[in-house]
$ cat my_file-v3.cif   # mmCIF, C-alpha atoms (C1' of nucleotides)
data_model
#
loop_
_atom_site.label_atom_id
_atom_site.label_comp_id
_atom_site.auth_asym_id
_atom_site.auth_seq_id
_atom_site.Cartn_x
_atom_site.Cartn_y
_atom_site.Cartn_z
CA MET A 1 31.55 -88.23 183.88
CA PHE A 2 33.08 -85.06 185.32
CA SER A 3 31.22 -81.85 186.16
CA LYS A 4 31.54 -78.90 183.78
CA ALA A 5 33.62 -77.16 186.45
CA CYS A 6 36.01 -80.10 186.54
CA GLU A 7 36.30 -80.22 182.75
CA TYR A 8 37.18 -76.52 182.69
CA GLY A 9 39.55 -77.11 185.60
CA ILE A 10 41.48 -79.81 183.78
CA ARG A 11 41.59 -77.85 180.51
CA ALA A 12 42.73 -74.69 182.32
CA THR A 13 45.43 -76.53 184.23
CA LEU A 14 46.75 -78.11 181.03
CA HIS A 15 46.96 -74.71 179.36
CA ILE A 16 48.74 -73.19 182.35
CA ALA A 17 51.12 -76.17 182.47
CA ARG A 18 51.99 -75.82 178.81
CA GLN A 19 52.69 -72.09 179.20
CA SER A 20 54.63 -72.61 182.43
CA GLN A 21 56.84 -75.17 180.70
CA GLY A 22 57.71 -72.38 178.26
CA GLY A 23 58.35 -69.93 181.09
CA HIS A 24 55.17 -67.94 180.54
CA ARG A 25 52.66 -66.77 183.12
CA VAL A 26 49.07 -66.51 181.85
CA SER A 27 46.13 -64.29 182.75
CA LEU A 28 42.56 -65.36 183.42
CA LYS A 29 41.38 -63.89 180.10
CA ASP A 30 44.13 -65.70 178.28
CA ILE A 31 43.13 -69.00 179.85
CA ALA A 32 39.40 -68.58 179.21
CA GLY A 33 40.19 -67.71 175.61
CA ALA A 34 42.49 -70.70 175.14
CA ILE A 35 40.05 -73.24 176.52
CA ASP A 36 36.84 -71.54 175.37
CA SER A 37 35.21 -71.18 178.81
CA PRO A 38 33.19 -68.47 180.59
CA VAL A 39 35.65 -66.02 182.15
CA ALA A 40 34.06 -65.42 185.58
CA PHE A 41 33.19 -69.07 186.12
CA THR A 42 36.72 -70.05 185.19
CA ALA A 43 38.01 -67.57 187.79
CA LYS A 44 36.14 -69.42 190.55
CA ILE A 45 37.56 -72.75 189.46
CA LEU A 46 41.10 -71.38 189.31
CA GLN A 47 40.67 -70.11 192.87
CA GLN A 48 39.80 -73.64 193.97
CA LEU A 49 42.87 -74.99 192.21
CA VAL A 50 45.10 -72.38 193.85
CA HIS A 51 43.71 -73.40 197.26
CA ALA A 52 44.34 -77.04 196.41
CA ASN A 53 47.96 -76.18 195.50
CA VAL A 54 47.52 -77.39 191.93
CA ILE A 55 48.48 -74.03 190.44
CA HIS A 56 49.99 -70.79 191.71
CA SER A 57 48.75 -67.22 191.25
CA LEU A 58 50.14 -63.67 191.51
CA LYS A 59 48.05 -60.53 191.79
CA GLY A 60 48.72 -57.15 190.22
CA PRO A 61 50.27 -56.04 186.92
CA HIS A 62 52.15 -58.86 185.19
CA GLY A 63 50.33 -61.19 187.56
CA GLY A 64 48.47 -64.27 186.48
CA PHE A 65 48.60 -68.03 186.85
CA GLU A 66 51.51 -70.40 186.58
CA MET A 67 52.72 -73.74 187.87
CA THR A 68 55.87 -74.01 189.94
CA PRO A 69 58.47 -76.60 188.92
CA HIS A 70 57.35 -78.60 191.95
CA GLN A 71 53.71 -78.50 190.79
CA LEU A 72 54.67 -79.35 187.21
CA HIS A 73 56.54 -82.33 188.51
CA ASN A 74 53.95 -83.64 190.92
CA VAL A 75 50.41 -82.75 189.86
CA ARG A 76 48.29 -85.62 188.53
CA LEU A 77 44.79 -85.52 187.07
CA SER A 78 43.46 -87.04 190.29
CA HIS A 79 44.50 -83.91 192.20
CA ILE A 80 42.42 -81.69 189.96
CA VAL A 81 39.42 -84.01 189.99
CA SER A 82 39.33 -84.48 193.73
CA ALA A 83 39.83 -80.73 194.32
CA ILE A 84 36.73 -79.94 192.24
CA ASP A 85 34.45 -82.98 192.13
CA GLY A 86 35.70 -84.91 195.15
CA ASP A 87 36.54 -88.59 194.96
CA GLN A 88 33.01 -90.01 194.71
CA ILE A 89 33.57 -90.86 191.03
CA TYR A 90 36.05 -93.59 191.81
CA ARG A 91 35.23 -94.25 195.45
CA GLY A 92 31.43 -94.08 195.60
CA CYS A 93 28.97 -96.85 194.67
CA GLY A 94 27.80 -96.85 191.06
CA LEU A 95 24.18 -97.04 192.19
CA GLY A 96 24.56 -94.35 194.86
CA LEU A 97 24.23 -96.71 197.83
CA LYS A 98 26.03 -95.39 200.87
CA ALA A 99 26.58 -98.74 202.52
CA CYS A 100 27.75 -100.62 199.43
CA ASN A 101 30.97 -102.54 200.06
CA GLU A 102 32.64 -105.89 199.48
CA LEU A 103 30.63 -107.55 202.26
CA LYS A 104 27.27 -106.05 201.29
CA PRO A 105 27.62 -105.20 197.61
CA CYS A 106 25.11 -103.62 195.25
CA PRO A 107 24.14 -105.75 192.22
CA LEU A 108 26.74 -104.18 189.95
CA HIS A 109 29.49 -103.79 192.49
CA ASP A 110 31.88 -106.24 190.85
CA GLN A 111 31.24 -105.12 187.30
CA PHE A 112 31.72 -101.51 188.38
CA LYS A 113 34.84 -102.14 190.38
CA ASP A 114 36.84 -102.90 187.24
CA VAL A 115 35.81 -99.69 185.53
CA ARG A 116 36.23 -97.57 188.64
CA ASP A 117 39.66 -98.99 189.43
CA LYS A 118 40.79 -98.42 185.87
CA LEU A 119 39.59 -94.82 186.05
CA GLN A 120 41.29 -94.27 189.40
CA LEU A 121 44.56 -95.74 188.16
CA MET A 122 44.44 -93.60 185.04
CA LEU A 123 43.78 -90.38 186.99
CA GLU A 124 46.43 -91.12 189.60
CA THR A 125 49.16 -92.06 187.14
CA THR A 126 48.58 -89.45 184.45
CA SER A 127 50.63 -86.31 185.06
CA VAL A 128 49.63 -82.88 183.86
CA SER A 129 53.11 -82.32 182.40
CA GLU A 130 52.95 -85.25 180.02
CA LEU A 131 49.56 -84.14 178.73
CA ALA A 132 50.80 -80.56 178.32
CA ALA A 133 53.67 -81.87 176.21
CA GLY A 134 51.20 -83.31 173.71
CA LEU A 135 49.64 -79.86 173.38
CA THR A 136 52.99 -78.23 172.68
CA GLU A 137 53.76 -80.81 170.02
CA GLY A 138 50.45 -80.01 168.35
CA LEU A 139 49.21 -83.56 168.77
CA THR A 140 46.23 -82.66 170.98
CA PHE A 141 43.78 -79.76 171.38
CA LEU A 142 41.88 -77.91 174.10
CA LYS A 143 38.98 -76.44 172.12
CA GLN A 144 36.70 -77.10 169.14
CA MET B 1 29.01 -91.21 187.22
CA PHE B 2 25.28 -91.62 186.58
CA SER B 3 22.59 -89.08 187.46
CA LYS B 4 20.43 -89.72 190.50
CA ALA B 5 17.53 -90.44 188.12
CA CYS B 6 19.60 -93.09 186.37
CA GLU B 7 20.66 -94.70 189.65
CA TYR B 8 17.02 -94.94 190.72
CA GLY B 9 16.13 -96.22 187.26
CA ILE B 10 18.63 -99.07 187.43
CA ARG B 11 17.68 -99.98 190.98
CA ALA B 12 13.95 -99.90 190.15
CA THR B 13 14.44 -102.03 187.05
CA LEU B 14 16.41 -104.61 189.01
CA HIS B 15 13.65 -104.84 191.62
CA ILE B 16 10.98 -105.20 188.95
CA ALA B 17 13.07 -107.83 187.16
CA ARG B 18 13.50 -109.85 190.32
CA GLN B 19 9.76 -109.75 191.06
CA SER B 20 8.86 -110.52 187.44
CA GLN B 21 11.12 -113.56 187.51
CA GLY B 22 8.95 -114.78 190.41
CA GLY B 23 5.75 -113.99 188.52
CA HIS B 24 4.91 -110.91 190.59
CA ARG B 25 3.78 -107.51 189.38
CA VAL B 26 4.84 -104.59 191.60
CA SER B 27 3.32 -101.20 192.36
CA LEU B 28 5.08 -97.85 192.38
CA LYS B 29 4.91 -97.68 196.18
CA ASP B 30 6.34 -101.15 196.44
CA ILE B 31 9.26 -100.19 194.20
CA ALA B 32 10.02 -96.91 195.94
CA GLY B 33 9.97 -98.77 199.27
CA ALA B 34 12.25 -101.52 198.02
CA ILE B 35 14.88 -99.20 196.59
CA ASP B 36 14.45 -96.36 199.10
CA SER B 37 13.65 -93.61 196.59
CA PRO B 38 11.21 -90.66 196.49
CA VAL B 39 7.85 -91.99 195.22
CA ALA B 40 6.79 -89.23 192.81
CA PHE B 41 10.26 -88.84 191.30
CA THR B 42 10.48 -92.58 190.82
CA ALA B 43 7.14 -92.47 188.98
CA LYS B 44 8.61 -90.08 186.40
CA ILE B 45 11.60 -92.32 185.84
CA LEU B 46 9.44 -95.42 185.46
CA GLN B 47 7.42 -93.59 182.82
CA GLN B 48 10.61 -92.98 180.85
CA LEU B 49 11.53 -96.64 181.13
CA VAL B 50 8.07 -97.71 179.92
CA HIS B 51 8.46 -95.42 176.89
CA ALA B 52 11.90 -96.89 176.24
CA ASN B 53 10.40 -100.39 176.35
CA VAL B 54 12.60 -101.43 179.25
CA ILE B 55 9.65 -102.29 181.48
CA HIS B 56 5.88 -102.73 181.03
CA SER B 57 3.03 -101.15 183.00
CA LEU B 58 -0.67 -101.77 183.61
CA LYS B 59 -3.12 -99.22 185.01
CA GLY B 60 -5.97 -99.84 187.41
CA PRO B 61 -6.52 -102.23 190.31
CA HIS B 62 -3.93 -105.03 190.39
CA GLY B 63 -1.95 -102.90 187.95
CA GLY B 64 1.69 -102.05 188.38
CA PHE B 65 5.02 -102.66 186.72
CA GLU B 66 6.54 -105.84 185.36
CA MET B 67 8.95 -107.05 182.72
CA THR B 68 7.81 -109.29 179.89
CA PRO B 69 9.80 -112.47 179.19
CA HIS B 70 11.12 -110.70 176.09
CA GLN B 71 12.29 -107.74 178.17
CA LEU B 72 13.80 -109.98 180.83
CA HIS B 73 15.73 -111.76 178.12
CA ASN B 74 16.97 -108.72 176.24
CA VAL B 75 17.35 -105.68 178.48
CA ARG B 76 20.93 -104.66 179.27
CA LEU B 77 22.15 -101.91 181.59
CA SER B 78 23.04 -99.81 178.55
CA HIS B 79 19.36 -99.60 177.61
CA ILE B 80 18.45 -98.09 180.97
CA VAL B 81 21.38 -95.69 180.99
CA SER B 82 20.84 -94.38 177.48
CA ALA B 83 17.07 -94.02 178.11
CA ILE B 84 17.71 -91.76 181.11
CA ASP B 85 21.18 -90.19 180.80
CA GLY B 86 21.82 -90.62 177.10
CA ASP B 87 25.04 -92.10 175.79
CA GLN B 88 27.37 -89.17 176.48
CA ILE B 89 28.99 -91.08 179.37
CA TYR B 90 30.59 -93.60 177.08
CA ARG B 91 30.47 -91.73 173.78
CA GLY B 92 31.27 -88.12 174.70
CA CYS B 93 34.71 -86.59 175.26
CA GLY B 94 36.02 -86.72 178.83
CA LEU B 95 36.82 -83.00 178.71
CA GLY B 96 33.49 -82.03 177.15
CA LEU B 97 34.93 -81.08 173.75
CA LYS B 98 32.38 -81.51 170.98
CA ALA B 99 34.85 -82.01 168.19
CA CYS B 100 37.16 -84.41 170.01
CA ASN B 101 37.93 -87.48 167.89
CA GLU B 102 40.75 -89.76 166.78
CA LEU B 103 42.01 -87.20 164.26
CA LYS B 104 41.77 -84.19 166.57
CA PRO B 105 41.93 -85.63 170.06
CA CYS B 106 41.80 -83.86 173.41
CA PRO B 107 44.86 -84.34 175.64
CA LEU B 108 43.37 -87.26 177.51
CA HIS B 109 41.59 -88.90 174.64
CA ASP B 110 43.69 -92.07 174.61
CA GLN B 111 43.79 -92.51 178.37
CA PHE B 112 40.04 -92.00 178.53
CA LYS B 113 39.25 -94.31 175.67
CA ASP B 114 40.29 -97.34 177.68
CA VAL B 115 38.05 -96.44 180.61
CA ARG B 116 35.13 -95.43 178.41
CA ASP B 117 35.34 -98.56 176.28
CA LYS B 118 35.47 -100.72 179.37
CA LEU B 119 32.40 -98.97 180.76
CA GLN B 120 30.55 -99.29 177.47
CA LEU B 121 31.37 -102.99 177.17
CA MET B 122 30.26 -103.59 180.75
CA LEU B 123 26.94 -101.78 180.27
CA GLU B 124 26.22 -103.45 176.94
CA THR B 125 27.02 -106.98 178.06
CA THR B 126 25.51 -106.96 181.55
CA SER B 127 21.89 -108.13 181.51
CA VAL B 128 19.30 -107.06 184.03
CA SER B 129 18.26 -110.70 184.56
CA GLU B 130 21.65 -111.84 185.73
CA LEU B 131 21.88 -108.99 188.23
CA ALA B 132 18.35 -109.70 189.47
CA ALA B 133 19.37 -113.31 190.11
CA GLY B 134 22.04 -112.11 192.54
CA LEU B 135 19.35 -110.23 194.46
CA THR B 136 17.15 -113.32 194.72
CA GLU B 137 20.05 -115.37 196.00
CA GLY B 138 20.64 -112.77 198.71
CA LEU B 139 24.13 -112.05 197.43
CA THR B 140 23.49 -108.38 196.62
CA PHE B 141 21.34 -105.52 197.91
CA LEU B 142 19.39 -102.52 196.66
CA LYS B 143 19.37 -100.36 199.78
CA GLN B 144 21.48 -99.56 202.86
"C1'" DT C 1 52.46 -41.50 195.86
"C1'" DC C 2 49.32 -42.36 192.13
"C1'" DT C 3 47.58 -45.08 188.51
"C1'" DT C 4 46.77 -49.25 186.48
"C1'" DA C 5 46.43 -54.23 185.97
"C1'" DA C 6 45.50 -58.33 187.85
"C1'" DA C 7 43.44 -62.02 191.08
"C1'" DA C 8 40.19 -62.66 195.32
"C1'" DG C 9 35.89 -62.97 197.06
"C1'" DG C 10 31.01 -61.85 197.97
"C1'" DA C 11 26.39 -61.35 196.14
"C1'" DT C 12 23.32 -62.44 192.76
"C1'" DA C 13 21.15 -64.64 188.50
"C1'" DA C 14 20.01 -68.35 185.29
"C1'" DA C 15 19.63 -73.03 184.10
"C1'" DA C 16 19.35 -77.81 185.09
"C1'" DA C 17 18.46 -81.59 188.10
"C1'" DT C 18 15.80 -83.30 191.66
"C1'" DG C 19 11.60 -83.69 193.89
"C1'" DT C 20 6.28 -82.81 194.88
"C1'" DC C 21 1.32 -82.30 193.99
"C1'" DC C 22 -2.87 -83.03 191.85
"C1'" DG C 23 -6.29 -84.05 188.41
"C1'" DA C 24 -7.04 -87.25 184.30
"C1'" DA C 25 -7.24 -91.75 182.27
"C1'" DA C 26 -7.65 -96.63 182.56
"C1'" DT C 27 -9.34 -100.84 184.47
"C1'" DA C 28 -10.87 -104.47 187.77
"C1'" DG C 29 -14.50 -105.87 190.55
"C1'" DA C 30 -18.91 -105.16 193.06
"C1'" DT D 1 -22.87 -98.54 186.16
"C1'" DC D 2 -20.30 -97.12 190.18
"C1'" DT D 3 -16.32 -97.21 193.07
"C1'" DA D 4 -11.72 -98.01 194.19
"C1'" DT D 5 -7.02 -98.47 192.64
"C1'" DT D 6 -3.36 -97.64 189.89
"C1'" DT D 7 -0.41 -95.38 186.27
"C1'" DC D 8 -0.04 -91.02 183.32
"C1'" DG D 9 1.01 -86.41 182.62
"C1'" DG D 10 1.13 -81.56 183.51
"C1'" DA D 11 2.32 -77.88 186.62
"C1'" DC D 12 4.92 -76.40 190.26
"C1'" DA D 13 8.71 -76.18 194.05
"C1'" DT D 14 13.32 -76.88 195.76
"C1'" DT D 15 18.15 -77.64 195.38
"C1'" DT D 16 22.38 -77.81 192.94
"C1'" DT D 17 25.20 -76.44 189.25
"C1'" DT D 18 26.61 -73.13 186.18
"C1'" DA D 19 27.41 -68.44 185.21
"C1'" DT D 20 27.69 -63.24 185.97
"C1'" DC D 21 28.68 -58.81 188.24
"C1'" DC D 22 30.90 -55.80 191.22
"C1'" DT D 23 33.88 -54.38 194.97
"C1'" DT D 24 38.21 -55.27 197.45
"C1'" DT D 25 42.98 -56.52 197.72
"C1'" DT D 26 47.55 -56.80 195.88
"C1'" DA D 27 51.48 -55.25 193.48
"C1'" DA D 28 54.16 -53.16 189.52
"C1'" DG D 29 55.71 -49.11 187.40
"C1'" DA D 30 55.59 -44.14 186.38
#

$ encode --input "my_file-v3.cif" --output "structure tokens"
Amino acid sequence: MFSKACEYGIRATLHIARQSQGGHRVSLKDIAGAIDSPVAFTAKILQQLVHANVIHSLKGPHGGFEMTPHQLHNVRLSHIVSAIDGDQIYRGCGLGLKACNELKPCPLHDQFKDVRDKLQLMLETTSVSELAAGLTEGLTFLKQ
Amino acid sequence: MFSKACEYGIRATLHIARQSQGGHRVSLKDIAGAIDSPVAFTAKILQQLVHANVIHSLKGPHGGFEMTPHQLHNVRLSHIVSAIDGDQIYRGCGLGLKACNELKPCPLHDQFKDVRDKLQLMLETTSVSELAAGLTEGLTFLKQ
DNA sequence: TCTTAAAAGGATAAAAATGTCCGAAATAGA
DNA sequence: TCTATTTCGGACATTTTTATCCTTTTAAGA
């Protein structure tokens, strides 16, 4: 569904969100350890997320990654997904046809529309904060 | 959502189904032309679909691909997708966690479940025949 | 100012997906 | 039986994704 990069991106952001809610800044190593991902690859993804204003970073000693109150309040899953994978998942045609639309639909356009719209709605309405809360409460998990 | 191979596979199967409904067998070249796909790559995918008993092939002059009445009656989109991409799309965890389940869910397990179940239901209930009918009626398209 | 810790960013490597080529096998028809 | 046509299947090539390594930049603290 999502690329590996996007999966790591979501997991990393959720970990950062959880720690930021507790007032803690986290390092790259910390994140990679918490979500069980390759360190250097995770670094590249975090860079993308910083550029996309999903997370915030600070260099130097005691540096690391965090989310500002503004980011914690506003960031939705859709922001992470479109920053890494783009919006083809919920905007593109299910059969990869460039010119597929309501007027000239592919054979599964209608069937797909339901699924795609549901996915889009879910990504756009689900906030990172609410998911991070579930982690803190020990109800959900980011590895194994 | 699906791999390129799977997109070609679905499009090819729909073209073959449509032609089979009219009593016509189609060649590889014919298929690749109709769905606008690379010929040799399409050949590989068709082989997979023959092995998966989604379509039927005949070698030699006047050979080609077709669907038997039995296949036309039974094949659903889910058969094509699982033959080419496997069932990870609607069975796997959205965040790529191997051990994600109801008891130990990932943070977006519940939100994802809805989307995934809807996708699974759609793929398992949509028959290739019904989609091919839309093509014949000129209501839907397989390229541009 | 110097050292140290951390992210940033460029170059490269490995793996997977996508795509191509060509000879082998099968089969219809002359 | 011979030839032409078509799928089959193996090997190879290209592109994209995933992953690693190393140097540079930034900033804190001694």

$ resolve_selection --input "my_file-v3.cif" --expression "the PyMOL selection byres ((chain B and resi 82) around 12)" --output "list in words"
Phe2, Ser3, Ala5, Cys6, Gly9, Ile10, Gln48, Leu49, Ala52, Val54, Val75, Arg76, Leu77, Ser78, His79, Ile80, Val81, Ala83, Ile84, Asp85, Gly86, Asp87, Gln88, Ile89, Tyr90, Arg91, Gln120, Leu123 and Glu124 of chain B

$ resolve_selection --input "my_file-v3.cif" --expression "the PyMOL selection byres ((chain A) within 6 of (chain C))" --output "list in words"
Lys59, Gly60, Pro61 and Gly63 of chain A

$ resolve_selection --input "my_file-v3.cif" --expression "the PyMOL selection byres ((chain B) within 7 of (chain A))" --output "VMD selection string"
chain B and resid 1 7 89 94 to 99 104 to 107 111 115 118 to 119 122 131 134 to 135 140 to 144

$ interface_residues --input "my_file-v3.cif" --of "chain B" --to "chain D" --cutoff "10 Å" --atoms "only C-alpha atoms (C1' of nucleotides)" --output "list in words"
Ser27, Leu28, Ala43, Lys44, Leu46, Gln47, Ser57, Leu58, Lys59, Gly60, Pro61, His62, Gly63, Gly64 and Phe65 of chain B

$ calpha_fit_and_write --input "my_file-v3.cif" --fixed "chain A" --moving "chain B" --output "tab-separated table (two decimals) with C-alpha atoms, in the frame of the given file"
chain	number	residue	atom	x	y	z
B	1	MET	CA	31.51	-88.20	183.85
B	2	PHE	CA	33.05	-85.03	185.30
B	3	SER	CA	31.18	-81.83	186.13
B	4	LYS	CA	31.50	-78.89	183.77
B	5	ALA	CA	33.59	-77.14	186.44
B	6	CYS	CA	35.98	-80.09	186.53
B	7	GLU	CA	36.28	-80.21	182.74
B	8	TYR	CA	37.17	-76.51	182.69
B	9	GLY	CA	39.54	-77.08	185.59
B	10	ILE	CA	41.46	-79.80	183.77
B	11	ARG	CA	41.58	-77.85	180.53
B	12	ALA	CA	42.72	-74.67	182.32
B	13	THR	CA	45.42	-76.54	184.23
B	14	LEU	CA	46.73	-78.11	181.04
B	15	HIS	CA	46.96	-74.69	179.37
B	16	ILE	CA	48.74	-73.20	182.36
B	17	ALA	CA	51.11	-76.18	182.49
B	18	ARG	CA	51.98	-75.82	178.84
B	19	GLN	CA	52.68	-72.09	179.23
B	20	SER	CA	54.63	-72.62	182.45
B	21	GLN	CA	56.82	-75.19	180.72
B	22	GLY	CA	57.72	-72.38	178.28
B	23	GLY	CA	58.36	-69.94	181.13
B	24	HIS	CA	55.17	-67.95	180.57
B	25	ARG	CA	52.66	-66.77	183.14
B	26	VAL	CA	49.07	-66.51	181.87
B	27	SER	CA	46.13	-64.29	182.78
B	28	LEU	CA	42.56	-65.37	183.44
B	29	LYS	CA	41.40	-63.88	180.14
B	30	ASP	CA	44.15	-65.68	178.31
B	31	ILE	CA	43.11	-68.99	179.86
B	32	ALA	CA	39.40	-68.56	179.23
B	33	GLY	CA	40.21	-67.67	175.61
B	34	ALA	CA	42.49	-70.66	175.16
B	35	ILE	CA	40.05	-73.21	176.53
B	36	ASP	CA	36.84	-71.48	175.38
B	37	SER	CA	35.21	-71.16	178.80
B	38	PRO	CA	33.16	-68.46	180.58
B	39	VAL	CA	35.63	-66.00	182.17
B	40	ALA	CA	34.03	-65.40	185.58
B	41	PHE	CA	33.16	-69.07	186.13
B	42	THR	CA	36.69	-70.04	185.20
B	43	ALA	CA	37.99	-67.57	187.80
B	44	LYS	CA	36.10	-69.43	190.54
B	45	ILE	CA	37.53	-72.75	189.45
B	46	LEU	CA	41.08	-71.39	189.31
B	47	GLN	CA	40.65	-70.13	192.86
B	48	GLN	CA	39.79	-73.66	193.97
B	49	LEU	CA	42.84	-75.01	192.20
B	50	VAL	CA	45.09	-72.40	193.86
B	51	HIS	CA	43.70	-73.43	197.27
B	52	ALA	CA	44.33	-77.07	196.40
B	53	ASN	CA	47.93	-76.21	195.50
B	54	VAL	CA	47.51	-77.42	191.94
B	55	ILE	CA	48.47	-74.07	190.44
B	56	HIS	CA	50.00	-70.81	191.72
B	57	SER	CA	48.75	-67.24	191.28
B	58	LEU	CA	50.13	-63.70	191.52
B	59	LYS	CA	48.04	-60.54	191.82
B	60	GLY	CA	48.71	-57.18	190.23
B	61	PRO	CA	50.26	-56.07	186.94
B	62	HIS	CA	52.13	-58.89	185.20
B	63	GLY	CA	50.32	-61.21	187.58
B	64	GLY	CA	48.45	-64.29	186.50
B	65	PHE	CA	48.59	-68.04	186.87
B	66	GLU	CA	51.50	-70.43	186.57
B	67	MET	CA	52.71	-73.77	187.87
B	68	THR	CA	55.86	-74.05	189.94
B	69	PRO	CA	58.46	-76.65	188.92
B	70	HIS	CA	57.33	-78.65	191.96
B	71	GLN	CA	53.71	-78.53	190.80
B	72	LEU	CA	54.65	-79.38	187.22
B	73	HIS	CA	56.53	-82.38	188.51
B	74	ASN	CA	53.91	-83.68	190.92
B	75	VAL	CA	50.38	-82.77	189.86
B	76	ARG	CA	48.27	-85.64	188.53
B	77	LEU	CA	44.77	-85.53	187.07
B	78	SER	CA	43.43	-87.05	190.28
B	79	HIS	CA	44.48	-83.94	192.20
B	80	ILE	CA	42.39	-81.70	189.96
B	81	VAL	CA	39.39	-84.01	189.97
B	82	SER	CA	39.30	-84.50	193.72
B	83	ALA	CA	39.79	-80.74	194.31
B	84	ILE	CA	36.70	-79.94	192.23
B	85	ASP	CA	34.42	-83.00	192.10
B	86	GLY	CA	35.67	-84.93	195.10
B	87	ASP	CA	36.55	-88.60	194.89
B	88	GLN	CA	33.03	-90.04	194.65
B	89	ILE	CA	33.57	-90.86	190.95
B	90	TYR	CA	36.10	-93.53	191.70
B	91	ARG	CA	35.32	-94.25	195.34
B	92	GLY	CA	31.52	-94.09	195.55
B	93	CYS	CA	29.04	-96.83	194.64
B	94	GLY	CA	27.82	-96.83	191.03
B	95	LEU	CA	24.21	-97.01	192.21
B	96	GLY	CA	24.63	-94.31	194.85
B	97	LEU	CA	24.31	-96.65	197.84
B	98	LYS	CA	26.15	-95.32	200.87
B	99	ALA	CA	26.72	-98.64	202.53
B	100	CYS	CA	27.83	-100.54	199.44
B	101	ASN	CA	31.04	-102.48	200.06
B	102	GLU	CA	32.71	-105.85	199.50
B	103	LEU	CA	30.71	-107.46	202.31
B	104	LYS	CA	27.35	-105.96	201.34
B	105	PRO	CA	27.67	-105.14	197.67
B	106	CYS	CA	25.15	-103.58	195.31
B	107	PRO	CA	24.16	-105.72	192.31
B	108	LEU	CA	26.74	-104.17	190.02
B	109	HIS	CA	29.52	-103.78	192.52
B	110	ASP	CA	31.90	-106.25	190.87
B	111	GLN	CA	31.24	-105.12	187.32
B	112	PHE	CA	31.72	-101.51	188.37
B	113	LYS	CA	34.85	-102.14	190.35
B	114	ASP	CA	36.82	-102.91	187.22
B	115	VAL	CA	35.77	-99.68	185.51
B	116	ARG	CA	36.22	-97.57	188.63
B	117	ASP	CA	39.65	-99.01	189.40
B	118	LYS	CA	40.75	-98.42	185.84
B	119	LEU	CA	39.57	-94.81	186.04
B	120	GLN	CA	41.26	-94.29	189.38
B	121	LEU	CA	44.54	-95.75	188.14
B	122	MET	CA	44.40	-93.59	185.03
B	123	LEU	CA	43.74	-90.39	186.99
B	124	GLU	CA	46.40	-91.14	189.60
B	125	THR	CA	49.14	-92.07	187.15
B	126	THR	CA	48.55	-89.47	184.43
B	127	SER	CA	50.61	-86.33	185.05
B	128	VAL	CA	49.61	-82.89	183.87
B	129	SER	CA	53.10	-82.34	182.41
B	130	GLU	CA	52.93	-85.26	180.04
B	131	LEU	CA	49.55	-84.15	178.72
B	132	ALA	CA	50.79	-80.57	178.33
B	133	ALA	CA	53.68	-81.88	176.22
B	134	GLY	CA	51.19	-83.32	173.73
B	135	LEU	CA	49.64	-79.87	173.39
B	136	THR	CA	53.00	-78.24	172.69
B	137	GLU	CA	53.78	-80.82	170.04
B	138	GLY	CA	50.47	-80.01	168.35
B	139	LEU	CA	49.23	-83.56	168.79
B	140	THR	CA	46.24	-82.65	170.97
B	141	PHE	CA	43.81	-79.75	171.39
B	142	LEU	CA	41.90	-77.89	174.08
B	143	LYS	CA	39.05	-76.45	172.04
B	144	GLN	CA	36.90	-77.21	168.98

$ decode --input "my_file-v3.cif" --residues "stretch 23-29 of chain D" --atoms "N, CA, C and O atoms (P, O5', C5', C4', C3', O3' and C1' of nucleotides)" --output "short mmCIF file (atom, residue, chain, number, x, y, z; two decimals), in the first residue's frame"
data_model
loop_
_atom_site.label_atom_id
_atom_site.label_comp_id
_atom_site.auth_asym_id
_atom_site.auth_seq_id
_atom_site.Cartn_x
_atom_site.Cartn_y
_atom_site.Cartn_z
P DT D 23 35.65 10.53 4.98
"O5'" DT D 23 35.41 12.08 4.62
"C5'" DT D 23 34.91 12.43 3.32
"C4'" DT D 23 34.01 13.64 3.44
"C3'" DT D 23 34.57 14.77 4.31
"O3'" DT D 23 34.55 15.97 3.55
"C1'" DT D 23 32.33 14.30 4.89
P DT D 24 35.04 17.38 4.25
"O5'" DT D 24 33.66 18.12 4.57
"C5'" DT D 24 32.69 18.27 3.52
"C4'" DT D 24 31.46 18.98 4.07
"C3'" DT D 24 31.77 20.25 4.85
"O3'" DT D 24 30.91 21.28 4.37
"C1'" DT D 24 30.38 18.81 6.13
P DT D 25 31.02 22.78 4.98
"O5'" DT D 25 29.83 22.85 6.04
"C5'" DT D 25 28.48 22.66 5.59
"C4'" DT D 25 27.56 22.64 6.79
"C3'" DT D 25 27.69 23.86 7.70
"O3'" DT D 25 26.40 24.45 7.81
"C1'" DT D 25 27.73 21.86 8.96
P DT D 26 26.22 25.85 8.61
"O5'" DT D 26 25.78 25.40 10.07
"C5'" DT D 26 24.60 24.61 10.22
"C4'" DT D 26 24.50 24.14 11.64
"C3'" DT D 26 24.63 25.25 12.69
"O3'" DT D 26 23.40 25.32 13.38
"C1'" DT D 26 25.85 23.30 13.29
P DA D 27 23.12 26.58 14.38
"O5'" DA D 27 23.56 26.00 15.79
"C5'" DA D 27 22.88 24.87 16.30
"C4'" DA D 27 23.61 24.35 17.50
"C3'" DA D 27 23.95 25.43 18.55
"O3'" DA D 27 23.54 24.93 19.80
"C1'" DA D 27 25.83 24.13 18.08
P DA D 28 23.20 25.93 21.01
"O5'" DA D 28 23.56 25.02 22.26
"C5'" DA D 28 23.24 23.62 22.21
"C4'" DA D 28 24.24 22.87 23.06
"C3'" DA D 28 24.60 23.58 24.37
"O3'" DA D 28 24.43 22.67 25.43
"C1'" DA D 28 26.58 23.05 23.13
P DG D 29 24.58 23.16 26.98
"O5'" DG D 29 26.10 22.81 27.31
"C5'" DG D 29 26.56 21.47 27.08
"C4'" DG D 29 28.03 21.41 27.41
"C3'" DG D 29 28.43 22.24 28.63
"O3'" DG D 29 29.43 21.52 29.33
"C1'" DG D 29 29.70 22.92 26.81
#
